[in-house]
$ cat query_10.cif   # mmCIF, C-alpha atoms and all ligand atoms
data_run
#
loop_
_atom_site.label_atom_id
_atom_site.label_comp_id
_atom_site.auth_asym_id
_atom_site.auth_seq_id
_atom_site.Cartn_x
_atom_site.Cartn_y
_atom_site.Cartn_z
CA PHE A 1 -87.43 -135.78 8.21
CA PRO A 2 -86.00 -132.74 9.93
CA ARG A 3 -87.16 -132.31 13.51
CA ARG A 4 -90.08 -129.92 13.52
CA THR A 5 -89.71 -127.05 15.90
CA LYS A 6 -92.62 -124.72 16.37
CA ILE A 7 -91.58 -121.15 15.72
CA CYS A 8 -94.03 -119.07 17.65
CA CYS A 9 -94.38 -116.03 15.52
CA SER A 10 -97.39 -116.68 13.34
CA LEU A 11 -100.00 -113.94 13.54
CA ARG A 12 -102.52 -116.35 14.99
CA ASP A 13 -100.21 -117.40 17.79
CA ASP A 14 -99.41 -113.77 18.53
CA SER A 15 -103.12 -112.98 18.87
CA ASP A 16 -103.75 -116.01 21.06
CA TYR A 17 -100.93 -115.16 23.44
CA MET A 18 -101.96 -111.51 23.53
CA ARG A 19 -105.54 -112.42 24.44
CA GLN A 20 -104.12 -114.52 27.27
CA CYS A 21 -102.11 -111.48 28.38
CA VAL A 22 -105.31 -109.45 28.55
CA GLU A 23 -106.99 -112.16 30.61
CA LEU A 24 -104.04 -112.10 32.98
CA ALA A 25 -104.10 -108.30 33.07
CA ARG A 26 -107.75 -108.35 34.14
CA ARG A 27 -106.82 -110.13 37.37
CA GLY A 28 -105.84 -106.65 38.54
CA LEU A 29 -109.32 -105.32 37.66
CA GLY A 30 -110.33 -102.40 39.86
CA ARG A 31 -107.08 -102.49 41.87
CA THR A 32 -104.37 -100.95 39.68
CA SER A 33 -105.43 -97.31 39.43
CA PRO A 34 -103.95 -94.87 38.71
CA ASN A 35 -101.90 -97.47 36.85
CA PRO A 36 -103.19 -99.61 33.99
CA MET A 37 -103.97 -103.33 34.00
CA VAL A 38 -101.12 -105.13 32.26
CA GLY A 39 -100.45 -108.79 31.55
CA CYS A 40 -97.25 -110.40 30.29
CA LEU A 41 -96.28 -113.85 29.01
CA ILE A 42 -92.81 -115.19 28.27
CA VAL A 43 -92.95 -117.85 25.55
CA ASP A 44 -89.98 -120.02 24.55
CA ASN A 45 -89.11 -121.11 21.02
CA ALA A 46 -91.16 -124.28 21.33
CA GLY A 47 -94.23 -122.13 21.99
CA GLU A 48 -94.33 -123.03 25.66
CA ILE A 49 -95.31 -120.42 28.22
CA VAL A 50 -92.43 -120.19 30.70
CA GLY A 51 -93.43 -117.03 32.58
CA ARG A 52 -96.64 -115.19 33.49
CA GLY A 53 -97.26 -111.92 35.22
CA PHE A 54 -99.78 -109.18 35.79
CA HIS A 55 -99.66 -105.82 37.49
CA PRO A 56 -101.46 -106.28 40.82
CA ARG A 57 -101.58 -102.65 42.02
CA ALA A 58 -99.81 -99.31 41.80
CA GLY A 59 -96.51 -99.36 43.67
CA GLU A 60 -95.98 -103.06 43.07
CA PRO A 61 -93.81 -104.53 40.28
CA HIS A 62 -95.03 -104.41 36.71
CA ALA A 63 -96.35 -107.42 34.80
CA GLU A 64 -93.05 -107.99 33.00
CA VAL A 65 -91.12 -108.29 36.27
CA PHE A 66 -93.30 -111.13 37.55
CA ALA A 67 -93.18 -112.93 34.19
CA LEU A 68 -89.38 -112.61 33.90
CA ARG A 69 -88.96 -113.78 37.48
CA GLU A 70 -90.90 -116.95 36.74
CA ALA A 71 -89.08 -117.56 33.45
CA GLY A 72 -85.62 -117.14 34.97
CA SER A 73 -82.93 -118.18 32.47
CA LYS A 74 -85.61 -119.49 30.09
CA ALA A 75 -86.28 -115.86 29.14
CA HIS A 76 -83.03 -115.93 27.16
CA GLY A 77 -83.96 -116.03 23.44
CA SER A 78 -87.70 -116.05 24.19
CA THR A 79 -90.63 -113.92 23.03
CA ALA A 80 -92.30 -111.63 25.56
CA TYR A 81 -95.94 -110.68 25.07
CA VAL A 82 -97.10 -107.55 26.90
CA SER A 83 -100.56 -106.02 26.64
CA LEU A 84 -99.12 -102.50 27.07
CA GLU A 85 -95.80 -101.09 25.88
CA PRO A 86 -93.08 -101.81 28.46
CA CYS A 87 -92.29 -98.72 30.48
CA ASP A 88 -88.99 -96.91 30.04
CA HIS A 89 -88.95 -94.63 33.05
CA VAL A 90 -88.12 -94.85 36.71
CA GLY A 91 -91.45 -94.39 38.46
CA ARG A 92 -92.44 -96.22 41.61
CA THR A 93 -90.64 -99.15 39.94
CA PRO A 94 -87.64 -99.47 37.54
CA PRO A 95 -88.06 -99.57 33.73
CA CYS A 96 -89.32 -102.84 32.24
CA SER A 97 -87.69 -102.13 28.85
CA ARG A 98 -84.27 -102.50 30.50
CA ALA A 99 -85.34 -105.61 32.41
CA LEU A 100 -86.39 -107.28 29.13
CA VAL A 101 -83.09 -106.36 27.49
CA ALA A 102 -81.13 -107.59 30.52
CA ALA A 103 -83.00 -110.91 30.41
CA ARG A 104 -81.94 -111.22 26.73
CA VAL A 105 -85.44 -111.64 25.36
CA ARG A 106 -85.24 -112.03 21.56
CA ARG A 107 -88.61 -110.57 20.57
CA VAL A 108 -91.25 -108.42 22.27
CA VAL A 109 -94.86 -108.30 21.11
CA VAL A 110 -96.73 -105.24 22.36
CA GLY A 111 -100.53 -104.91 22.44
CA THR A 112 -100.60 -101.15 22.26
CA VAL A 113 -98.25 -98.24 22.94
CA ASP A 114 -98.49 -96.54 26.32
CA PRO A 115 -99.98 -93.02 26.04
CA ASN A 116 -98.17 -91.99 29.24
CA PRO A 117 -95.80 -89.21 28.07
CA LEU A 118 -93.09 -90.78 30.22
CA VAL A 119 -93.29 -93.87 28.00
CA ALA A 120 -95.10 -93.12 24.67
CA GLY A 121 -92.88 -95.07 22.28
CA LYS A 122 -89.68 -94.80 24.32
CA GLY A 123 -90.03 -98.36 25.60
CA VAL A 124 -90.29 -99.73 22.07
CA GLU A 125 -87.40 -97.53 20.95
CA ARG A 126 -85.07 -98.74 23.69
CA LEU A 127 -85.85 -102.37 22.91
CA ARG A 128 -85.21 -101.89 19.18
CA ARG A 129 -81.96 -100.02 19.81
CA ALA A 130 -80.83 -102.97 21.93
CA GLY A 131 -81.45 -105.28 18.97
CA VAL A 132 -84.72 -106.78 20.21
CA GLU A 133 -87.30 -107.47 17.50
CA VAL A 134 -90.50 -105.60 18.38
CA THR A 135 -94.02 -106.05 16.98
CA VAL A 136 -96.55 -103.42 18.01
CA GLY A 137 -100.35 -103.52 17.71
CA VAL A 138 -101.41 -107.13 18.22
CA GLU A 139 -105.04 -107.26 19.46
CA GLU A 140 -104.66 -103.51 19.78
CA GLU A 141 -108.35 -102.65 20.09
CA LEU A 142 -108.85 -105.23 22.86
CA CYS A 143 -105.79 -103.92 24.73
CA ARG A 144 -106.96 -100.32 24.40
CA VAL A 145 -110.52 -101.02 25.52
CA THR A 146 -109.25 -103.01 28.50
CA ASN A 147 -107.44 -99.90 29.69
CA GLU A 148 -109.86 -97.30 28.30
CA ALA A 149 -110.13 -95.60 31.68
CA PHE A 150 -106.35 -95.42 32.17
CA PHE A 151 -105.91 -94.06 28.63
CA HIS A 152 -108.58 -91.44 29.23
CA ARG A 153 -107.09 -90.38 32.56
CA ILE A 154 -103.55 -90.04 31.28
CA VAL A 155 -104.52 -88.17 28.11
CA THR A 156 -107.21 -85.82 29.48
CA LYS A 157 -106.21 -85.57 33.15
CA LYS A 158 -109.82 -86.42 34.03
CA PRO A 159 -111.33 -89.74 35.05
CA PHE A 160 -113.33 -91.81 32.58
CA ALA A 161 -116.97 -91.32 33.56
CA CYS A 162 -119.89 -93.64 32.89
CA LEU A 163 -123.44 -92.60 33.70
CA ARG A 164 -125.80 -95.41 34.54
CA TYR A 165 -129.46 -95.48 35.30
CA ALA A 166 -132.47 -97.70 35.10
CA MET A 167 -135.67 -96.82 33.27
CA THR A 168 -138.97 -98.25 32.17
CA ILE A 169 -139.50 -99.21 28.53
CA ASP A 170 -141.32 -95.93 28.00
CA GLY A 171 -138.51 -93.82 29.40
CA CYS A 172 -139.40 -93.16 33.06
CA LEU A 173 -136.43 -93.14 35.39
CA LEU A 174 -136.39 -95.78 38.13
CA ALA A 175 -134.86 -95.31 41.55
CA ASP A 176 -133.32 -98.79 41.40
CA PRO A 177 -132.90 -101.50 38.77
CA SER A 178 -136.12 -103.11 40.01
CA THR A 179 -135.39 -106.79 39.29
CA PRO A 180 -132.96 -109.01 41.22
CA VAL A 181 -130.94 -109.97 38.11
CA ALA A 182 -130.41 -106.35 37.17
CA ALA A 183 -129.57 -105.56 40.79
CA SER A 184 -126.82 -108.13 40.76
CA PHE A 185 -125.53 -106.71 37.44
CA TYR A 186 -125.48 -103.31 39.16
CA SER A 187 -123.28 -104.50 42.03
CA GLN A 188 -120.97 -106.56 39.80
CA GLN A 189 -120.37 -103.51 37.65
CA LEU A 190 -118.96 -101.72 40.70
CA GLU A 191 -115.90 -103.99 40.73
CA GLU A 192 -114.77 -102.36 37.49
CA TYR A 193 -114.91 -98.81 38.80
CA ASP A 194 -112.59 -96.96 41.13
CA ALA A 195 -115.31 -94.68 42.44
CA VAL A 196 -119.09 -94.50 42.38
CA VAL A 197 -120.87 -91.19 42.76
CA THR A 198 -124.32 -90.47 44.05
CA THR A 199 -126.01 -87.46 45.60
CA GLU A 200 -127.81 -86.83 48.85
CA ALA A 201 -131.12 -87.00 46.99
CA SER A 202 -130.73 -90.73 46.47
CA LEU A 203 -130.01 -91.52 50.11
CA ASP A 204 -133.71 -91.88 50.83
CA ALA A 205 -133.74 -94.85 48.47
CA ASP A 206 -130.90 -96.33 50.56
CA PRO A 207 -128.70 -97.43 47.69
CA VAL A 208 -127.44 -100.72 49.04
CA LEU A 209 -126.29 -101.44 45.49
CA LEU A 210 -123.46 -98.98 45.85
CA SER A 211 -121.22 -101.73 47.12
CA ALA A 212 -119.82 -104.65 45.16
CA GLU A 213 -120.36 -108.20 46.28
CA GLN A 214 -118.71 -109.26 49.55
CA GLY A 215 -115.05 -110.08 49.17
CA ALA A 216 -114.82 -108.17 45.88
CA LYS A 217 -112.85 -104.99 45.40
CA GLN A 218 -115.02 -102.09 46.54
CA PRO A 219 -115.05 -98.69 44.85
CA LEU A 220 -114.80 -95.47 46.81
CA ARG A 221 -118.38 -94.29 47.34
CA VAL A 222 -118.68 -90.55 46.90
CA VAL A 223 -121.83 -88.88 48.17
CA ALA A 224 -122.01 -85.43 46.61
CA VAL A 225 -123.98 -83.01 48.73
CA THR A 226 -125.01 -80.13 46.53
CA SER A 227 -124.85 -76.59 47.83
CA SER A 228 -128.55 -76.30 48.63
CA SER A 229 -128.36 -78.96 51.34
CA SER A 230 -126.47 -79.00 54.55
CA LEU A 231 -125.11 -81.95 56.43
CA SER A 232 -127.61 -81.52 59.24
CA GLN A 233 -130.45 -82.08 56.76
CA LEU A 234 -128.99 -85.54 56.26
CA ALA A 235 -129.40 -86.43 59.93
CA GLY A 236 -132.33 -88.77 59.29
CA LEU A 237 -130.42 -90.56 56.55
CA LEU A 238 -127.44 -91.60 58.60
CA SER A 239 -128.64 -95.17 58.70
CA ALA A 240 -128.38 -95.39 54.91
CA ARG A 241 -126.10 -98.24 53.95
CA VAL A 242 -123.87 -95.93 51.98
CA PHE A 243 -122.62 -94.70 55.36
CA ASP A 244 -121.79 -98.20 56.54
CA THR A 245 -118.05 -98.10 55.95
CA LYS A 246 -117.67 -101.75 56.89
CA LEU A 247 -119.08 -102.48 53.40
CA ALA A 248 -116.91 -100.03 51.45
CA PRO A 249 -115.15 -96.70 52.02
CA THR A 250 -117.34 -93.59 51.79
CA LEU A 251 -116.46 -89.98 51.18
CA LEU A 252 -118.90 -87.14 51.58
CA LEU A 253 -118.15 -84.13 49.44
CA GLY A 254 -119.71 -80.76 50.24
CA GLY A 255 -122.32 -79.72 52.74
CA LYS A 256 -122.07 -77.61 55.82
CA GLY A 257 -123.19 -78.15 59.40
CA GLU A 258 -120.15 -79.13 61.38
CA SER A 259 -122.03 -81.05 64.07
CA MET A 260 -122.84 -83.75 61.53
CA GLU A 261 -119.27 -83.89 60.43
CA THR A 262 -118.23 -85.34 63.77
CA VAL A 263 -120.93 -88.00 63.60
CA LEU A 264 -119.94 -89.01 60.09
CA ARG A 265 -116.27 -89.09 60.93
CA ARG A 266 -117.03 -91.36 63.83
CA LYS A 267 -118.59 -93.70 61.28
CA ASN A 268 -115.30 -93.50 59.35
CA VAL A 269 -116.90 -91.49 56.57
CA GLU A 270 -114.38 -89.06 55.16
CA VAL A 271 -115.85 -85.57 54.93
CA VAL A 272 -114.52 -83.04 52.45
CA PRO A 273 -116.49 -79.87 53.16
CA VAL A 274 -116.69 -77.50 50.20
CA ASN A 275 -119.31 -74.88 49.43
CA GLU A 276 -120.02 -75.59 45.80
CA VAL A 277 -120.33 -79.09 44.43
CA ASP A 278 -120.85 -79.77 40.76
CA LEU A 279 -119.93 -82.56 38.39
CA ASP A 280 -116.51 -81.09 37.64
CA SER A 281 -115.57 -80.80 41.30
CA VAL A 282 -116.70 -84.38 41.97
CA LEU A 283 -114.69 -85.71 39.06
CA ASP A 284 -111.66 -83.61 40.04
CA LEU A 285 -111.78 -85.08 43.52
CA CYS A 286 -111.95 -88.61 42.09
CA TYR A 287 -108.98 -87.79 39.85
CA GLN A 288 -106.96 -86.51 42.79
CA ARG A 289 -107.72 -89.75 44.60
CA GLY A 290 -106.14 -91.64 41.70
CA ALA A 291 -109.35 -92.89 40.09
CA CYS A 292 -109.18 -93.85 36.43
CA SER A 293 -112.88 -94.71 36.22
CA VAL A 294 -115.95 -93.22 37.87
CA LEU A 295 -119.49 -94.52 37.78
CA LEU A 296 -122.17 -91.86 38.10
CA ASP A 297 -124.95 -93.84 39.63
CA SER A 298 -128.62 -93.47 40.15
CA THR A 299 -131.35 -91.32 38.90
CA ALA A 300 -132.03 -89.05 41.80
CA GLY A 301 -130.39 -85.70 42.22
CA PHE A 302 -128.33 -85.51 39.11
CA ASP A 303 -130.13 -82.38 38.01
CA MET A 304 -128.44 -80.70 40.95
CA LEU A 305 -125.04 -81.94 39.85
CA GLY A 306 -125.52 -80.63 36.33
CA VAL A 307 -125.43 -84.04 34.65
CA LYS A 308 -128.07 -83.03 32.10
CA GLU A 309 -126.04 -80.01 31.00
CA ALA A 310 -122.89 -82.11 30.84
CA LEU A 311 -124.64 -84.61 28.58
CA GLU A 312 -125.81 -81.87 26.26
CA ASP A 313 -122.45 -80.13 26.03
CA GLU A 314 -120.49 -81.90 23.35
CA ASP A 315 -117.40 -79.73 23.84
CA ARG A 316 -116.96 -80.48 27.51
CA ALA A 317 -117.14 -84.24 27.03
CA VAL A 318 -117.31 -84.91 30.77
CA ILE A 319 -119.19 -88.18 30.42
CA GLN A 320 -117.77 -90.82 28.11
CA LYS A 321 -120.14 -93.71 28.43
CA LEU A 322 -123.78 -94.48 29.11
CA CYS A 323 -125.14 -97.66 30.65
CA VAL A 324 -128.91 -97.95 30.71
CA VAL A 325 -130.90 -100.76 32.22
CA VAL A 326 -134.31 -101.01 30.59
CA ALA A 327 -136.77 -102.70 32.93
CA PRO A 328 -139.85 -104.61 31.74
CA PHE A 329 -142.30 -101.99 32.93
CA ALA A 330 -144.15 -99.08 31.44
CA GLY A 331 -144.48 -96.07 33.68
CA GLY A 332 -146.75 -93.98 31.53
CA GLY A 333 -146.54 -90.32 30.93
CA GLN A 334 -142.91 -89.80 30.01
CA THR A 335 -143.17 -90.82 26.37
CA GLN A 336 -144.62 -87.53 25.20
CA LYS A 337 -141.42 -85.76 26.19
CA VAL A 338 -139.55 -84.82 23.04
CA ALA A 339 -135.77 -84.63 23.04
CA SER A 340 -134.50 -81.12 22.44
CA SER A 341 -130.84 -81.76 21.81
CA MET A 342 -129.29 -85.10 21.03
CA ARG A 343 -125.86 -86.62 20.81
CA LYS A 344 -125.19 -89.85 19.03
CA LEU A 345 -123.61 -92.76 20.83
CA GLY A 346 -121.25 -95.20 19.16
CA ARG A 347 -119.95 -98.72 19.84
CA LEU A 348 -123.38 -99.76 21.11
CA THR A 349 -123.87 -103.09 22.82
CA THR A 350 -127.09 -104.61 24.05
CA ARG A 351 -127.63 -107.67 26.15
CA LYS A 352 -130.39 -109.37 28.02
CA CYS A 353 -129.96 -109.44 31.76
CA GLY A 354 -132.84 -111.50 33.14
CA GLU A 355 -135.97 -109.64 32.07
CA ASN A 356 -134.01 -106.45 31.55
CA VAL A 357 -132.09 -105.18 28.59
CA VAL A 358 -128.77 -103.45 29.22
CA ILE A 359 -127.72 -100.94 26.59
CA GLN A 360 -124.24 -99.45 26.67
CA GLY A 361 -122.60 -96.97 24.34
CA TYR A 362 -119.94 -94.31 24.11
CA PHE A 363 -120.13 -90.61 23.30
CA GLU A 364 -117.67 -90.29 20.44
C1 LIG B 1 -95.65 -101.58 32.15
N1 LIG B 1 -96.08 -102.68 32.84
O1 LIG B 1 -97.31 -103.62 34.43
C2 LIG B 1 -97.47 -101.30 34.15
C3 LIG B 1 -97.04 -100.18 33.41
O2 LIG B 1 -95.02 -95.75 39.02
P1 LIG B 1 -94.78 -96.95 38.18
O3 LIG B 1 -93.33 -97.35 38.14
O4 LIG B 1 -95.65 -98.12 38.56
O5 LIG B 1 -95.15 -96.57 36.68
C4 LIG B 1 -96.47 -96.33 36.33
C5 LIG B 1 -96.59 -96.15 34.84
O6 LIG B 1 -96.01 -97.28 34.17
C6 LIG B 1 -98.03 -96.11 34.39
O7 LIG B 1 -98.55 -94.80 34.36
C7 LIG B 1 -97.96 -96.73 33.01
O8 LIG B 1 -97.57 -95.75 32.06
C8 LIG B 1 -96.87 -97.74 33.18
N2 LIG B 1 -97.50 -98.99 33.67
N3 LIG B 1 -96.16 -100.37 32.42
O9 LIG B 1 -94.79 -101.73 31.29
C9 LIG B 1 -96.96 -102.60 33.84
N4 LIG B 1 -98.34 -101.19 35.17
ZN ZN B 2 -92.88 -101.34 33.59
#

$ encode --input "query_10.cif" --output "structure tokens"
Amino acid sequence: FPRRTKICCSLRDDSDYMRQCVELARRGLGRTSPNPMVGCLIVDNAGEIVGRGFHPRAGEPHAEVFALREAGSKAHGSTAYVSLEPCDHVGRTPPCSRALVAARVRRVVVGTVDPNPLVAGKGVERLRRAGVEVTVGVEEELCRVTNEAFFHRIVTKKPFACLRYAMTIDGCLLADPSTPVAASFYSQQLEEYDAVVTTEASLDADPVLLSAEQGAKQPLRVVAVTSSSSLSQLAGLLSARVFDTKLAPTLLLGGKGESMETVLRRKNVEVVPVNEVDLDSVLDLCYQRGACSVLLDSTAGFDMLGVKEALEDEDRAVIQKLCVVVAPFAGGGQTQKVASSMRKLGRLTTRKCGENVVIQGYFE
């Protein structure tokens, strides 16, 4: 019998390796912005993984570089799996397309093309011109969803925004998720986001949940102070945990009253004083800070930020996703409120979280 060698190019193998790439990519969760999460595997002709890499954070080498480094000369004649099209430009780091060609990789399997105009098909093109076999679109949906915030940022020049709140079964808003299991879901969710936004109106409730678990990557906490308030009105709220910058960094946007500014700065809170604060200015600030994803948290004060209007306005599409925690309580009273304008959500998911039900969906 001829010796059986495993040729690793069946569709099933491709999908398996690509899913592993995505798992690797997610090790950079919450740390790569404004860059995407990317994972890469180098697989030899016997189907053995000889190199692994993921992008740890912007400014550091790309996933392919780490994987090729580990593979060394074994990369020669191998197949490289990358969850995002290899870059073809000189950014903070040199182009991965050239590195793959230089390492004499035989085949490259790409999860999805990179929407970054600096790349956008050029990486694939360079590889093909160099005689590398390229397959594009393996586990494409998974790869796209993994980097949905990066895709949104690069295409729209705005961060991907998710609005979350907790409510009773009969539709009354809750100031917090009200059960410990839902509370822990709330803080775990923060690891996925680059920034979390609240307003001064929710400081009374002392939103301790605005920080991820200890040791986890913390988002930038943005407290939006709407034009009607001034910093000095916040004096009594200085003990709120959102101003404890040992937990996570905090930025206060808006508000006047310079005396408070000094106090906050002493607490290492960054103060960006502007006169008018609305949802657009908050999201613009997050974008400038390199955020791909922003979580608009809490129930209080969003009227002031214009969240309701933003939800109603289909054309502006400021908010992409909704995450609602339904708590096992009935508050009474709210159910008679009839919706005036409605937008349909797609890609709905529901799951039980202790006694709560978490519903998520996208505005499409
Ligand atoms: C890849 N693999 O691991 C990443 C890619 O400034 P740079 O050099 O880090 O380039 C950033 C851009 O490169 C980023 O916007 C995205 O288009 C791509 N990121 N590409 O092949 C990686 N992180
Ligand atoms: Zn690259």

$ residues_around --input "query_10.cif" --residues "Tyr362 in chain A" --least-positions-apart "3" --cutoff "8 Å" --atoms "all atoms listed in the file" --output "number ranges by chain"
A: 320-322, 345-348

$ residues_near_ligand --input "query_10.cif" --ligand "ligand ZN 2 (chain B)" --cutoff "10 Å" --atoms "all atoms listed in the file" --output "PyMOL selection string"
chain A and resi 38+55+61-65+84-100+119+123

$ residues_around --input "query_10.cif" --residues "Ser281 in chain A" --least-positions-apart "5" --cutoff "10 Å" --atoms "only C-alpha atoms" --output "PDB file with C-alpha atoms, keeping the file's coordinate frame"
ATOM      1  CA  ALA A 224    -122.010 -85.430  46.610  1.00  0.00           C
ATOM      2  CA  LEU A 253    -118.150 -84.130  49.440  1.00  0.00           C
ATOM      3  CA  GLY A 254    -119.710 -80.760  50.240  1.00  0.00           C
ATOM      4  CA  VAL A 274    -116.690 -77.500  50.200  1.00  0.00           C
ATOM      5  CA  GLU A 276    -120.020 -75.590  45.800  1.00  0.00           C
ATOM      6  CA  CYS A 286    -111.950 -88.610  42.090  1.00  0.00           C
ATOM      7  CA  TYR A 287    -108.980 -87.790  39.850  1.00  0.00           C
ATOM      8  CA  LEU A 305    -125.040 -81.940  39.850  1.00  0.00           C
TER       9      LEU A 305
END

$ atom_distance --input "query_10.cif" --atom1 "atom N3 of ligand LIG 1 (chain B)" --atom2 "CA of Met18 in chain A"
15.4 Å

$ closest_residue --input "query_10.cif" --among "A:Val282, A:Leu68, A:Ala120, A:Val338" --to "Val101 in chain A" --atoms "all atoms listed in the file"
A:Leu68

$ atom_distance --input "query_10.cif" --atom1 "CA of Cys40 in chain A" --atom2 "CA of Ser83 in chain A"
6.6 Å

$ decode --input "query_10.cif" --residues "range 78-101 of chain A" --atoms "N, CA and C atoms" --output "PDB file, in the first residue's frame"
ATOM      1  N   SER A  78       4.046  25.068   3.525  1.00  0.00           N
ATOM      2  CA  SER A  78       2.908  24.834   4.436  1.00  0.00           C
ATOM      3  C   SER A  78       1.647  25.584   3.990  1.00  0.00           C
ATOM      4  N   THR A  79       0.581  25.404   4.786  1.00  0.00           N
ATOM      5  CA  THR A  79      -0.639  26.194   4.595  1.00  0.00           C
ATOM      6  C   THR A  79      -0.787  27.137   5.787  1.00  0.00           C
ATOM      7  N   ALA A  80      -1.023  28.412   5.485  1.00  0.00           N
ATOM      8  CA  ALA A  80      -1.253  29.379   6.573  1.00  0.00           C
ATOM      9  C   ALA A  80      -2.742  29.688   6.639  1.00  0.00           C
ATOM     10  N   TYR A  81      -3.296  29.608   7.828  1.00  0.00           N
ATOM     11  CA  TYR A  81      -4.691  29.995   8.058  1.00  0.00           C
ATOM     12  C   TYR A  81      -4.689  31.323   8.796  1.00  0.00           C
ATOM     13  N   VAL A  82      -5.420  32.304   8.271  1.00  0.00           N
ATOM     14  CA  VAL A  82      -5.497  33.616   8.926  1.00  0.00           C
ATOM     15  C   VAL A  82      -6.954  34.054   8.965  1.00  0.00           C
ATOM     16  N   SER A  83      -7.412  34.495  10.133  1.00  0.00           N
ATOM     17  CA  SER A  83      -8.828  34.850  10.251  1.00  0.00           C
ATOM     18  C   SER A  83      -9.181  36.138   9.512  1.00  0.00           C
ATOM     19  N   LEU A  84      -8.176  36.960   9.206  1.00  0.00           N
ATOM     20  CA  LEU A  84      -8.403  38.187   8.424  1.00  0.00           C
ATOM     21  C   LEU A  84      -7.325  38.271   7.347  1.00  0.00           C
ATOM     22  N   GLU A  85      -7.713  38.792   6.201  1.00  0.00           N
ATOM     23  CA  GLU A  85      -6.767  38.909   5.084  1.00  0.00           C
ATOM     24  C   GLU A  85      -5.430  39.503   5.547  1.00  0.00           C
ATOM     25  N   PRO A  86      -4.322  38.887   5.172  1.00  0.00           N
ATOM     26  CA  PRO A  86      -3.019  39.443   5.554  1.00  0.00           C
ATOM     27  C   PRO A  86      -2.852  40.862   5.006  1.00  0.00           C
ATOM     28  N   CYS A  87      -2.279  41.715   5.824  1.00  0.00           N
ATOM     29  CA  CYS A  87      -2.151  43.120   5.400  1.00  0.00           C
ATOM     30  C   CYS A  87      -1.084  43.246   4.329  1.00  0.00           C
ATOM     31  N   ASP A  88      -1.166  44.358   3.586  1.00  0.00           N
ATOM     32  CA  ASP A  88      -0.240  44.537   2.463  1.00  0.00           C
ATOM     33  C   ASP A  88       0.363  45.942   2.510  1.00  0.00           C
ATOM     34  N   HIS A  89       0.308  46.555   3.663  1.00  0.00           N
ATOM     35  CA  HIS A  89       0.776  47.941   3.759  1.00  0.00           C
ATOM     36  C   HIS A  89       1.800  48.045   4.889  1.00  0.00           C
ATOM     37  N   VAL A  90       2.537  49.133   4.848  1.00  0.00           N
ATOM     38  CA  VAL A  90       3.446  49.401   5.960  1.00  0.00           C
ATOM     39  C   VAL A  90       2.703  50.326   6.910  1.00  0.00           C
ATOM     40  N   GLY A  91       2.262  49.779   8.025  1.00  0.00           N
ATOM     41  CA  GLY A  91       1.589  50.596   9.037  1.00  0.00           C
ATOM     42  C   GLY A  91       2.556  50.753  10.187  1.00  0.00           C
ATOM     43  N   ARG A  92       2.048  50.419  11.401  1.00  0.00           N
ATOM     44  CA  ARG A  92       2.975  50.391  12.538  1.00  0.00           C
ATOM     45  C   ARG A  92       3.934  49.207  12.393  1.00  0.00           C
ATOM     46  N   THR A  93       3.520  48.240  11.536  1.00  0.00           N
ATOM     47  CA  THR A  93       4.330  47.027  11.329  1.00  0.00           C
ATOM     48  C   THR A  93       4.414  46.735   9.820  1.00  0.00           C
ATOM     49  N   PRO A  94       5.399  45.943   9.378  1.00  0.00           N
ATOM     50  CA  PRO A  94       5.537  45.667   7.937  1.00  0.00           C
ATOM     51  C   PRO A  94       4.474  44.702   7.406  1.00  0.00           C
ATOM     52  N   PRO A  95       4.284  44.646   6.075  1.00  0.00           N
ATOM     53  CA  PRO A  95       3.195  43.847   5.501  1.00  0.00           C
ATOM     54  C   PRO A  95       3.346  42.333   5.681  1.00  0.00           C
ATOM     55  N   CYS A  96       2.273  41.697   6.126  1.00  0.00           N
ATOM     56  CA  CYS A  96       2.286  40.250   6.371  1.00  0.00           C
ATOM     57  C   CYS A  96       2.259  39.477   5.065  1.00  0.00           C
ATOM     58  N   SER A  97       1.649  40.050   4.011  1.00  0.00           N
ATOM     59  CA  SER A  97       1.598  39.349   2.721  1.00  0.00           C
ATOM     60  C   SER A  97       3.023  39.019   2.278  1.00  0.00           C
ATOM     61  N   ARG A  98       3.907  39.978   2.398  1.00  0.00           N
ATOM     62  CA  ARG A  98       5.311  39.771   1.983  1.00  0.00           C
ATOM     63  C   ARG A  98       6.009  38.760   2.886  1.00  0.00           C
ATOM     64  N   ALA A  99       5.697  38.817   4.175  1.00  0.00           N
ATOM     65  CA  ALA A  99       6.326  37.871   5.113  1.00  0.00           C
ATOM     66  C   ALA A  99       5.926  36.438   4.767  1.00  0.00           C
ATOM     67  N   LEU A 100       4.662  36.239   4.355  1.00  0.00           N
ATOM     68  CA  LEU A 100       4.190  34.892   4.005  1.00  0.00           C
ATOM     69  C   LEU A 100       4.875  34.402   2.729  1.00  0.00           C
ATOM     70  N   VAL A 101       5.028  35.333   1.773  1.00  0.00           N
ATOM     71  CA  VAL A 101       5.711  34.976   0.517  1.00  0.00           C
ATOM     72  C   VAL A 101       7.173  34.637   0.819  1.00  0.00           C
TER      73      VAL A 101
END
